[in-house]
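Asks: Dumping the structure here so I can ask a few things about it.
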There are 4 protein chains.
Amino acid sequence: MCRWLAYTGTPVLIDELLYKPANSLVVQSLHSRLGAETTNGDGVGVGWYDELPTPGVFRSTEPAWHDRNLHELAEHVRSGLVFAHIRASSGSPVQQTNCHPFRYGRWLWMHNGLISQFAELKRDLAFAVDPELYPHIQGSTDSEILFHLALTFGLHDDPPAAVARAIAFVEHVAEQHGVPYPMQGTIATTDGERLWAFRYSTEGRTRSLYRNTDVATLKLQYPDNPLLHGLSDATRIVVSEPLGDLKGAWREVPEGSCLVVEDGEEEVRPFAPMPFAMV
Amino acid sequence: MCRWLAYTGTPVLIDELLYKPANSLVVQSLHSRLGAETTNGDGVGVGWYDELPTPGVFRSTEPAWHDRNLHELAEHVRSGLVFAHIRASSGSPVQQTNCHPFRYGRWLWMHNGLISQFAELKRDLAFAVDPELYPHIQGSTDSEILFHLALTFGLHDDPPAAVARAIAFVEHVAEQHGVPYPMQGTIATTDGERLWAFRYSTEGRTRSLYRNTDVATLKLQYPDNPLLHGLSDATRIVVSEPLGDLKGAWREVPEGSCLVVEDGEEEVRPFAPMPFAMV
Amino acid sequence: MCRWLAYTGTPVLIDELLYKPANSLVVQSLHSRLGAETTNGDGVGVGWYDELPTPGVFRSTEPAWHDRNLHELAEHVRSGLVFAHIRASSGSPVQQTNCHPFRYGRWLWMHNGLISQFAELKRDLAFAVDPELYPHIQGSTDSEILFHLALTFGLHDDPPAAVARAIAFVEHVAEQHGVPYPMQGTIATTDGERLWAFRYSTEGRTRSLYRNTDVATLKLQYPDNPLLHGLSDATRIVVSEPLGDLKGAWREVPEGSCLVVEDGEEEVRPFAPMPFAMV
Amino acid sequence: MCRWLAYTGTPVLIDELLYKPANSLVVQSLHSRLGAETTNGDGVGVGWYDELPTPGVFRSTEPAWHDRNLHELAEHVRSGLVFAHIRASSGSPVQQTNCHPFRYGRWLWMHNGLISQFAELKRDLAFAVDPELYPHIQGSTDSEILFHLALTFGLHDDPPAAVARAIAFVEHVAEQHGVPYPMQGTIATTDGERLWAFRYSTEGRTRSLYRNTDVATLKLQYPDNPLLHGLSDATRIVVSEPLGDLKGAWREVPEGSCLVVEDGEEEVRPFAPMPFAMV
């Protein structure tokens with residue numbers, strides 16, 4: 001099982017997100033408190049936006065806790081929109097092309113979870129990807145195929161609908177193969193402006209997902225916490241598990257829901273697969 | 001462009017093939033004399049047979065010349081049937097799953113060359129792979145897809161026919177996409193008993209391929225060469241380019257041909273794509 | 001904290017030692033039961049002897065659980081004397097030259113533990129290494145320096161005495177620097193014939209070390225266990241923690257002792273640092 | 001033999017230096033025109049300054065031409081003072097700690113060349129390093145030891161004098177060991193404000209070194225070249241070999257000289273080893 005973090009708000013050094021918090025993503029990579037696997041040592045990735053048209057992506061197969069280049073990058077790169085992911089492989093090879101986040105144009109995508117019996121379903125899923133997008137698939141994970149299915153089903157136009165259709169398609173293919181409960185996971189995606197996070201599994205028992213309480217409230221609650229002072233009220237963090245023990249700082253994103261962050265506002269909506277038409 | 005070597009005969013330390021010769025594969029990886037690219041630093045792989053049911057495969061993304069584990073393995077593992085390959089990527093990522101040789105059961109496969117405009121053709125080629133075999137594809141290279149097409153077209157039963165059909169299929173798909181001269185390369189494959197080597201390109205200008213003159217003749221010609229004395233007369237070496245300058249030791253495998261080595265006998269036959277039926 | 005295994009006896013595939021046991025070294029690398037750190041993902045190494053003059057050594061910075069080349073090697077290489085080690089760095093960089101086992105001529109050496117405040121002591125320790133041996137130091141770990149100190153103090157002639165002097169020297173240098181309790185750890189070394197294992201720490205609270213109960217007894221106790229039947233009575237396994245839960249199969253090596261295995265006989269002797277003279 | 005580039009001037013994306021020029025450093029890594037070895041595939045490193053107290057350093061053992069993370073970093077990080085280095089090992093292991101540039105506080109250091117018979121001289125050189133600095137040595141190269149000798153001999157106070165003394169010390173130790181012509185190479189160092197480049201070898205036949213003609217002149221000469229227009233007149237590039245064929249753009253730094261760049265002014269002074277006193 002993987003761990004991920006999505007940050008949008010006041011530009012910060014990536015370091016502040018990845019290494020500094022008490023229960024930072026890198027600490028979690030060594031021994032996750034809430035994860036299914038205790039160790040997440042099968043790769044790490046960071047995506048970040050700056051003034052350039054395409055986000056930067058650093059992906060490495062080294063365990064997060066000893067990747068020195070990641071540490072250097074994190075100490076020197078500042079961004080107001082950051083995706084970070086640590087990987088525990090559910091079977092596919094540990095290679096750079098299998099590390100999250102995945103990128104397509106200005107979009108980033110990351111996933112904590114899996115498609116059950118993916119080896120059996122992969123062919124049908126891969127061939128449903130738009131032939132124009134197909135050559136862009138570089139690795140061999142379920143997560144990357146899911147991303148390309150979402151792109152195929154209209155991620156650019158209506159992200160929640162596209163993800164709902166992509167998951168419905170996965171469930172449809174799984175049913176044809178007699179695979180029960182195929183979809184599991186939390187997903188984050190962004191176009192560099194807005195952020196969407198999903199928590200859904202066919203079985204209805206999805207891995208954990210948290211968002212920070214709004215920063216204005218936290219500032220009132222913790223007037224002496226210096227970290228919070230630097231952050232604008234519009235800052236949002238979505239994570240697989242809380243980054244620390246600050247009381248009241250984290251709220252669970254409910255099972256079967258989609259969190260949308262746009263212009264500093266966030267909204268939690270119900271989320272479920274929806275009927276799809278093959279394009 | 002890659003370089004490869006196939007050896008069958010008297011069991012030797014892999015070292016004798018990979019590092020010791022004057023123009024060894026590792027030397028070639030630094031500056032190939034006959035290759036299209038001067039440097040082959042995008043990975044290396046070795047496959048070898050012993051008494052176990054499945055051949056061993058070591059594959060690494062490090063340049064061959066500084067991979068210490070390969071050197072250790074080569075110094076300690078002895079085999080009578082060895083495949084070795086150094087890679088210069090024609091575009092796909094440098095990752096272990098893209099290194100040759102590829103393995104399926106007892107079969108090994110390696111390739112020096114490429115399928116032109118593979119990104120455009122890949123989907124149609126991958127779709128034609130037997131659905132039972134499809135989940136076994138691990139990397140993203142043209143060479144691995146070609147292997148799985150050959151398996152689909154009957155590699156187990158009639159290797160030359162299967163390869164001829166696989167290449168014909170590639171040429172067929174390429175024609176549909178308007179891609180000229182799609183197939184280029186030399187290929188080696190083995191089931192652990194027999195060895196087949198192919199030299200073919202659609203354009204008729206295939207990369208080089210050599211085989212050793214028969215060992216009995218070489219022994220007569222060089223009565224004082226200690227290396228030759230240890231080798232049985234049935235020993236065969238097939239290589240992208242000669243391993244040294246020993247006069248008379250190497251003969252070119254002709255354009256458009258297939259070399260078969262079985263029970264210490266070798267035969268060169270004409271080779272061309274042949275009509276295929278989708279299974 | 002690291003984990004290690006030393007095996008001497010009936011030649012086996014390395015696989016049988018590294019991957020097959022219920023609590024195999026690779027399983028321990030993901031979550032050690034007795035270790036100080038829960039994860040040992042900072043590299044792995046295997047050394048093995050065959051008929052060649054020098055043992056083979058495979059060392060990798062990948063976590064043991066996803067190193068495919070190690071798995072291939074383990075499935076194909078058979079040996080009657082094997083050292084294996086998984087690393088959790090106590091600070092020095094994760095690089096191949098810092099992975100155990102270390103080799104010098106026919107000797108192998110591995111260590112689970114550390115020299116306290118090594119950065120401060122390193123210069124004095126390195127300076128004491130025989131100038132002839134100094135250029136052979138390739139990495140930056142305390143364990144490799146300790147090996148070279150033992151070589152300097154006569155490892156070839158009297159291993160227990162040499163290790164006792166090397167540790168005394170470490171304690172002497174530490175005292176000069178005001179560093180308390182400098183030595184911690186279990187050590188294994190071999191010349192390809194005999195095997196020595198040490199358990200010692202200045203503080204007297206050394207990390208765990210186990211050896212198997214003699215195989216003849218185990219065969220009587222477990223007449224139906226097929227694994228045991230293939231092993232000669234002379235087979236010995238020494239490990240950081242037991243490889244499984246077989247009742248009565250493992251005995252602790254006591255604090256402050258040295259285990260010697262020679263010609264299928266083993267002996268446990270008291271071990272303590274001993275006065276040294278600088279050569 | 002390695003290749004390096006030092007840039008100071010108008011902040012640019014590192015990409016503009018590493019990948020874009022016709023004969024860029026990455027192109028040189030595949031086939032250097034002027035280098036001793038044709039391939040520089042043994043690692044790559046970049047150091048850059050921003051508003052933070054310490055420069056960032058990215059170092060990788062992958063060949064420069066296929067390191068994707070380096071490419072991402074280069075496309076997103078902008079700096080007005082950049083060091084870049086590609087490595088062809090002269091013997092020491094290919095590992096991150098052996099990649100240039102080396103860093104100490106705000107200082108960076110890189111070197112193209114070698115100390116002859118370094119294995120034999122290393123011990124004497126390493127023990128001359130200030131004991132306070134000694135623990136900071138992380139790798140095993142001659143270049144890093146040379147850096148620490150220069151630091152020991154006063155790099156912070158008078159860089160040309162410190163380098164001159166460090167080299168004199170190397171020559172002194174070499175003489176004691178009967179090693180002729182020990183020092184070879186070009187060196188670049190910076191404190192984040194000023195830049196020094198050295199070209200010196202004991203033999204007087206040092207590897208090549210070039211600097212750009214002043215930008216103002218180039219702008220006059222090439223009024224239509226868009227690349228030049230973005231650069232301030234104070235921009236300076238020092239390189240192992242020219243980055244392109246622009247006529248008049250590059251001038252050789254003479255044998256036995258030191259180039260100093262400070263406040264946009266540059267000066268070439270004679271350089272030779274100078275007497276040292278052990279501190």
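Chain labels A, B, ... are given in the sequence in which chains occur in the structure tokens; within each chain residues are numbered consecutively from 1, and ligands are likewise numbered from 1 in the order shown.
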Could you pull the residues within 9 Å of Leu133 of chain D, counting only C-alpha atoms, minus those fewer than 2 positions along the same chain, as a ChimeraX atom specification?
Replies: /D:129-131,135-137,148,151-152
Asks: Would you return as a count of residues only the members of segment 63-101 of chain D that DSSP assigns to helix (DSSP H, G or I) on this structure's backbone?
Replies: 15
Asks: Excluding Ala74 of chain B and residues on its chain fewer than 2 positions from it, collect all residues at most 12 Å away from it, counting only C-alpha atoms, and give them as number ranges by chain.
Replies: B: 12-20, 26, 45-48, 57-58, 64, 67-72, 76-79, 82, 84; C: 56-58, 73, 77
Asks: Can you spit out the residues from that selection as an mmCIF file, in the first residue's frame, using C-alpha atoms?
Replies:
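Contents of the output file again_20.cif:
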```
data_model
loop_
_atom_site.group_PDB
_atom_site.id
_atom_site.type_symbol
_atom_site.label_atom_id
_atom_site.label_comp_id
_atom_site.auth_asym_id
_atom_site.auth_seq_id
_atom_site.Cartn_x
_atom_site.Cartn_y
_atom_site.Cartn_z
ATOM 1 C CA VAL B 12 32.760 -22.107 -19.735
ATOM 2 C CA LEU B 13 32.806 -19.356 -17.159
ATOM 3 C CA ILE B 14 30.670 -16.511 -18.536
ATOM 4 C CA ASP B 15 33.700 -14.323 -17.916
ATOM 5 C CA GLU B 16 35.455 -16.039 -20.844
ATOM 6 C CA LEU B 17 32.775 -14.700 -23.161
ATOM 7 C CA LEU B 18 31.950 -11.318 -21.677
ATOM 8 C CA TYR B 19 35.226 -9.878 -20.446
ATOM 9 C CA LYS B 20 38.249 -11.851 -21.653
ATOM 10 C CA VAL B 26 31.983 -5.255 -22.566
ATOM 11 C CA GLY B 45 21.749 -8.746 -19.597
ATOM 12 C CA VAL B 46 22.932 -12.335 -19.438
ATOM 13 C CA GLY B 47 20.917 -15.548 -19.610
ATOM 14 C CA TRP B 48 22.391 -18.966 -18.891
ATOM 15 C CA VAL B 57 18.673 -14.216 -16.177
ATOM 16 C CA PHE B 58 20.662 -11.275 -14.830
ATOM 17 C CA ALA B 64 28.064 -3.095 -18.728
ATOM 18 C CA ASP B 67 28.415 -3.402 -13.273
ATOM 19 C CA ARG B 68 30.339 -5.181 -10.546
ATOM 20 C CA ASN B 69 27.692 -7.774 -9.827
ATOM 21 C CA LEU B 70 27.701 -8.847 -13.460
ATOM 22 C CA HIS B 71 31.450 -9.231 -13.252
ATOM 23 C CA GLU B 72 31.180 -11.372 -10.095
ATOM 24 C CA HIS B 76 31.646 -17.704 -10.906
ATOM 25 C CA VAL B 77 28.908 -19.083 -13.137
ATOM 26 C CA ARG B 78 29.738 -21.737 -15.719
ATOM 27 C CA SER B 79 27.364 -22.662 -18.506
ATOM 28 C CA VAL B 82 24.818 -18.401 -22.711
ATOM 29 C CA ALA B 84 24.488 -11.906 -23.467
ATOM 30 C CA GLY C 56 31.879 -14.589 -5.260
ATOM 31 C CA VAL C 57 30.240 -11.487 -3.817
ATOM 32 C CA PHE C 58 26.981 -9.918 -4.961
ATOM 33 C CA LEU C 73 21.427 -15.669 -8.521
ATOM 34 C CA VAL C 77 23.995 -20.724 -7.471
#
```
Asks: At a cut-off of 7 Å, using only C-alpha atoms, what residues contact Tyr210 of chain B? Leave out same-chain residues fewer than 2 positions from it and give the result as a PDB file with N, CA, C and O atoms, in the first residue's frame.
Replies:
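The resulting file, around08.pdb, is reproduced below:
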```
ATOM      1  N   SER B 208      24.967  -6.135 -38.684  1.00  0.00           N
ATOM      2  CA  SER B 208      25.899  -7.246 -38.900  1.00  0.00           C
ATOM      3  C   SER B 208      25.637  -8.425 -37.987  1.00  0.00           C
ATOM      4  O   SER B 208      25.080  -8.286 -36.901  1.00  0.00           O
ATOM      5  N   ASN B 212      31.329 -18.118 -35.529  1.00  0.00           N
ATOM      6  CA  ASN B 212      32.708 -18.576 -35.572  1.00  0.00           C
ATOM      7  C   ASN B 212      32.877 -19.673 -36.620  1.00  0.00           C
ATOM      8  O   ASN B 212      31.964 -20.460 -36.890  1.00  0.00           O
ATOM      9  N   VAL B 238      27.729 -17.040 -31.884  1.00  0.00           N
ATOM     10  CA  VAL B 238      27.110 -16.123 -32.840  1.00  0.00           C
ATOM     11  C   VAL B 238      27.125 -14.743 -32.201  1.00  0.00           C
ATOM     12  O   VAL B 238      26.763 -14.598 -31.027  1.00  0.00           O
ATOM     13  N   VAL B 239      27.589 -13.737 -32.953  1.00  0.00           N
ATOM     14  CA  VAL B 239      27.799 -12.411 -32.365  1.00  0.00           C
ATOM     15  C   VAL B 239      27.486 -11.286 -33.345  1.00  0.00           C
ATOM     16  O   VAL B 239      27.617 -11.447 -34.555  1.00  0.00           O
ATOM     17  N   SER B 240      27.117 -10.142 -32.782  1.00  0.00           N
ATOM     18  CA  SER B 240      26.877  -8.941 -33.582  1.00  0.00           C
ATOM     19  C   SER B 240      28.131  -8.493 -34.315  1.00  0.00           C
ATOM     20  O   SER B 240      28.080  -8.011 -35.433  1.00  0.00           O
ATOM     21  N   GLU B 241      29.240  -8.599 -33.616  1.00  0.00           N
ATOM     22  CA  GLU B 241      30.502  -8.308 -34.288  1.00  0.00           C
ATOM     23  C   GLU B 241      31.585  -9.190 -33.690  1.00  0.00           C
ATOM     24  O   GLU B 241      31.482  -9.621 -32.548  1.00  0.00           O
ATOM     25  N   PRO B 242      32.633  -9.509 -34.495  1.00  0.00           N
ATOM     26  CA  PRO B 242      33.665 -10.455 -34.039  1.00  0.00           C
ATOM     27  C   PRO B 242      34.258 -10.069 -32.686  1.00  0.00           C
ATOM     28  O   PRO B 242      34.364  -8.891 -32.345  1.00  0.00           O
ATOM     29  N   TRP B 250      36.035 -15.785 -38.050  1.00  0.00           N
ATOM     30  CA  TRP B 250      34.638 -15.337 -38.090  1.00  0.00           C
ATOM     31  C   TRP B 250      34.110 -15.278 -39.516  1.00  0.00           C
ATOM     32  O   TRP B 250      34.784 -14.820 -40.428  1.00  0.00           O
ATOM     33  N   ARG B 251      32.880 -15.732 -39.689  1.00  0.00           N
ATOM     34  CA  ARG B 251      32.214 -15.656 -40.984  1.00  0.00           C
ATOM     35  C   ARG B 251      30.911 -14.896 -40.830  1.00  0.00           C
ATOM     36  O   ARG B 251      30.189 -15.083 -39.860  1.00  0.00           O
ATOM     37  N   GLU B 252      30.611 -14.051 -41.796  1.00  0.00           N
ATOM     38  CA  GLU B 252      29.375 -13.286 -41.731  1.00  0.00           C
ATOM     39  C   GLU B 252      28.175 -14.213 -41.961  1.00  0.00           C
ATOM     40  O   GLU B 252      28.221 -15.108 -42.813  1.00  0.00           O
ATOM     41  N   VAL B 253      27.120 -14.006 -41.205  1.00  0.00           N
ATOM     42  CA  VAL B 253      25.848 -14.675 -41.500  1.00  0.00           C
ATOM     43  C   VAL B 253      25.163 -13.804 -42.553  1.00  0.00           C
ATOM     44  O   VAL B 253      24.997 -12.600 -42.338  1.00  0.00           O
TER      45      VAL B 253
END
```
Asks: Report as a PyMOL selection string all protein, DNA and RNA residues lying within 12 Å of Phe102 of chain D, evaluated on only C-alpha atoms, omitting residues in the same chain fewer than 3 positions from it.
Replies: chain D and resi 44-48+55-59+83-85+96-99+105-111+136-148+151+187-190
Asks: Within 12 Å of Ala277 of chain C, counting only C-alpha atoms, which residues show up once you throw out same-chain ones fewer than 6 positions away? Write them as a VMD selection string, please.
Replies: chain C and resid 128 152 to 154 161 to 162 164 to 166 168 to 169 172
Asks: Quick one: write out the picked residues with all heavy atoms as a PDB file, in the first residue's frame?
Replies:
```
ATOM      1  N   ALA C 128      45.290   3.489  11.639  1.00  0.00           N
ATOM      2  CA  ALA C 128      45.929   2.313  12.242  1.00  0.00           C
ATOM      3  C   ALA C 128      45.912   1.098  11.319  1.00  0.00           C
ATOM      4  O   ALA C 128      46.563   0.095  11.589  1.00  0.00           O
ATOM      5  CB  ALA C 128      45.241   1.979  13.565  1.00  0.00           C
ATOM      6  N   THR C 152      44.776  -6.252   9.954  1.00  0.00           N
ATOM      7  CA  THR C 152      46.022  -5.650  10.419  1.00  0.00           C
ATOM      8  C   THR C 152      46.549  -6.367  11.662  1.00  0.00           C
ATOM      9  O   THR C 152      47.752  -6.587  11.801  1.00  0.00           O
ATOM     10  CB  THR C 152      45.785  -4.149  10.740  1.00  0.00           C
ATOM     11  OG1 THR C 152      45.356  -3.487   9.549  1.00  0.00           O
ATOM     12  CG2 THR C 152      47.038  -3.489  11.301  1.00  0.00           C
ATOM     13  N   PHE C 153      45.616  -6.755  12.533  1.00  0.00           N
ATOM     14  CA  PHE C 153      46.020  -7.383  13.800  1.00  0.00           C
ATOM     15  C   PHE C 153      46.139  -8.906  13.683  1.00  0.00           C
ATOM     16  O   PHE C 153      46.138  -9.599  14.698  1.00  0.00           O
ATOM     17  CB  PHE C 153      45.038  -7.009  14.917  1.00  0.00           C
ATOM     18  CG  PHE C 153      45.213  -5.604  15.435  1.00  0.00           C
ATOM     19  CD1 PHE C 153      44.215  -4.656  15.306  1.00  0.00           C
ATOM     20  CD2 PHE C 153      46.409  -5.224  16.061  1.00  0.00           C
ATOM     21  CE1 PHE C 153      44.387  -3.357  15.787  1.00  0.00           C
ATOM     22  CE2 PHE C 153      46.584  -3.935  16.552  1.00  0.00           C
ATOM     23  CZ  PHE C 153      45.574  -2.994  16.409  1.00  0.00           C
ATOM     24  N   GLY C 154      46.180  -9.445  12.462  1.00  0.00           N
ATOM     25  CA  GLY C 154      46.500 -10.864  12.304  1.00  0.00           C
ATOM     26  C   GLY C 154      45.340 -11.813  12.053  1.00  0.00           C
ATOM     27  O   GLY C 154      45.397 -12.982  12.445  1.00  0.00           O
ATOM     28  N   ALA C 161      41.916 -13.910  18.162  1.00  0.00           N
ATOM     29  CA  ALA C 161      42.847 -12.948  18.755  1.00  0.00           C
ATOM     30  C   ALA C 161      42.854 -11.643  17.968  1.00  0.00           C
ATOM     31  O   ALA C 161      42.883 -10.548  18.552  1.00  0.00           O
ATOM     32  CB  ALA C 161      44.255 -13.555  18.809  1.00  0.00           C
ATOM     33  N   ALA C 162      42.819 -11.745  16.653  1.00  0.00           N
ATOM     34  CA  ALA C 162      42.857 -10.534  15.830  1.00  0.00           C
ATOM     35  C   ALA C 162      41.613  -9.685  16.054  1.00  0.00           C
ATOM     36  O   ALA C 162      41.692  -8.455  16.174  1.00  0.00           O
ATOM     37  CB  ALA C 162      42.980 -10.912  14.350  1.00  0.00           C
ATOM     38  N   ALA C 164      39.747  -9.735  18.719  1.00  0.00           N
ATOM     39  CA  ALA C 164      39.824  -9.236  20.100  1.00  0.00           C
ATOM     40  C   ALA C 164      40.738  -8.018  20.194  1.00  0.00           C
ATOM     41  O   ALA C 164      40.451  -7.062  20.923  1.00  0.00           O
ATOM     42  CB  ALA C 164      40.319 -10.345  21.025  1.00  0.00           C
ATOM     43  N   ARG C 165      41.830  -8.041  19.430  1.00  0.00           N
ATOM     44  CA  ARG C 165      42.746  -6.885  19.439  1.00  0.00           C
ATOM     45  C   ARG C 165      42.116  -5.694  18.694  1.00  0.00           C
ATOM     46  O   ARG C 165      42.253  -4.550  19.123  1.00  0.00           O
ATOM     47  CB  ARG C 165      44.060  -7.258  18.766  1.00  0.00           C
ATOM     48  CG  ARG C 165      44.936  -8.153  19.627  1.00  0.00           C
ATOM     49  CD  ARG C 165      46.289  -8.407  18.971  1.00  0.00           C
ATOM     50  NE  ARG C 165      46.939  -9.539  19.606  1.00  0.00           N
ATOM     51  CZ  ARG C 165      47.180 -10.711  19.018  1.00  0.00           C
ATOM     52  NH1 ARG C 165      46.846 -10.896  17.741  1.00  0.00           N
ATOM     53  NH2 ARG C 165      47.754 -11.686  19.684  1.00  0.00           N
ATOM     54  N   ALA C 166      41.462  -5.971  17.599  1.00  0.00           N
ATOM     55  CA  ALA C 166      40.841  -4.880  16.831  1.00  0.00           C
ATOM     56  C   ALA C 166      39.799  -4.168  17.686  1.00  0.00           C
ATOM     57  O   ALA C 166      39.733  -2.933  17.717  1.00  0.00           O
ATOM     58  CB  ALA C 166      40.212  -5.431  15.549  1.00  0.00           C
ATOM     59  N   ALA C 168      39.641  -4.168  20.985  1.00  0.00           N
ATOM     60  CA  ALA C 168      40.349  -3.457  22.060  1.00  0.00           C
ATOM     61  C   ALA C 168      40.887  -2.130  21.538  1.00  0.00           C
ATOM     62  O   ALA C 168      40.836  -1.102  22.234  1.00  0.00           O
ATOM     63  CB  ALA C 168      41.490  -4.317  22.602  1.00  0.00           C
ATOM     64  N   PHE C 169      41.378  -2.122  20.306  1.00  0.00           N
ATOM     65  CA  PHE C 169      41.913  -0.887  19.741  1.00  0.00           C
ATOM     66  C   PHE C 169      40.797   0.144  19.541  1.00  0.00           C
ATOM     67  O   PHE C 169      40.968   1.331  19.846  1.00  0.00           O
ATOM     68  CB  PHE C 169      42.624  -1.173  18.415  1.00  0.00           C
ATOM     69  CG  PHE C 169      43.188   0.067  17.793  1.00  0.00           C
ATOM     70  CD1 PHE C 169      44.288   0.704  18.352  1.00  0.00           C
ATOM     71  CD2 PHE C 169      42.595   0.626  16.666  1.00  0.00           C
ATOM     72  CE1 PHE C 169      44.798   1.873  17.788  1.00  0.00           C
ATOM     73  CE2 PHE C 169      43.096   1.788  16.108  1.00  0.00           C
ATOM     74  CZ  PHE C 169      44.206   2.412  16.672  1.00  0.00           C
ATOM     75  N   HIS C 172      40.082   1.554  22.822  1.00  0.00           N
ATOM     76  CA  HIS C 172      41.178   2.441  23.229  1.00  0.00           C
ATOM     77  C   HIS C 172      41.035   3.823  22.566  1.00  0.00           C
ATOM     78  O   HIS C 172      41.119   4.862  23.240  1.00  0.00           O
ATOM     79  CB  HIS C 172      42.504   1.776  22.839  1.00  0.00           C
ATOM     80  CG  HIS C 172      43.680   2.683  22.894  1.00  0.00           C
ATOM     81  ND1 HIS C 172      44.231   3.130  24.087  1.00  0.00           N
ATOM     82  CD2 HIS C 172      44.424   3.239  21.901  1.00  0.00           C
ATOM     83  CE1 HIS C 172      45.265   3.916  23.823  1.00  0.00           C
ATOM     84  NE2 HIS C 172      45.402   4.002  22.508  1.00  0.00           N
TER      85      HIS C 172
END
```
Asks: Of the candidates D:Tyr49, D:Ala88, D:Thr10, D:Lys219, which one gets nearest to chain B if we count only C-alpha atoms?
Replies: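 Going through D:Tyr49, D:Ala88, D:Thr10, D:Lys219 one by one, the smallest distance to chain B is for D:Ala88.
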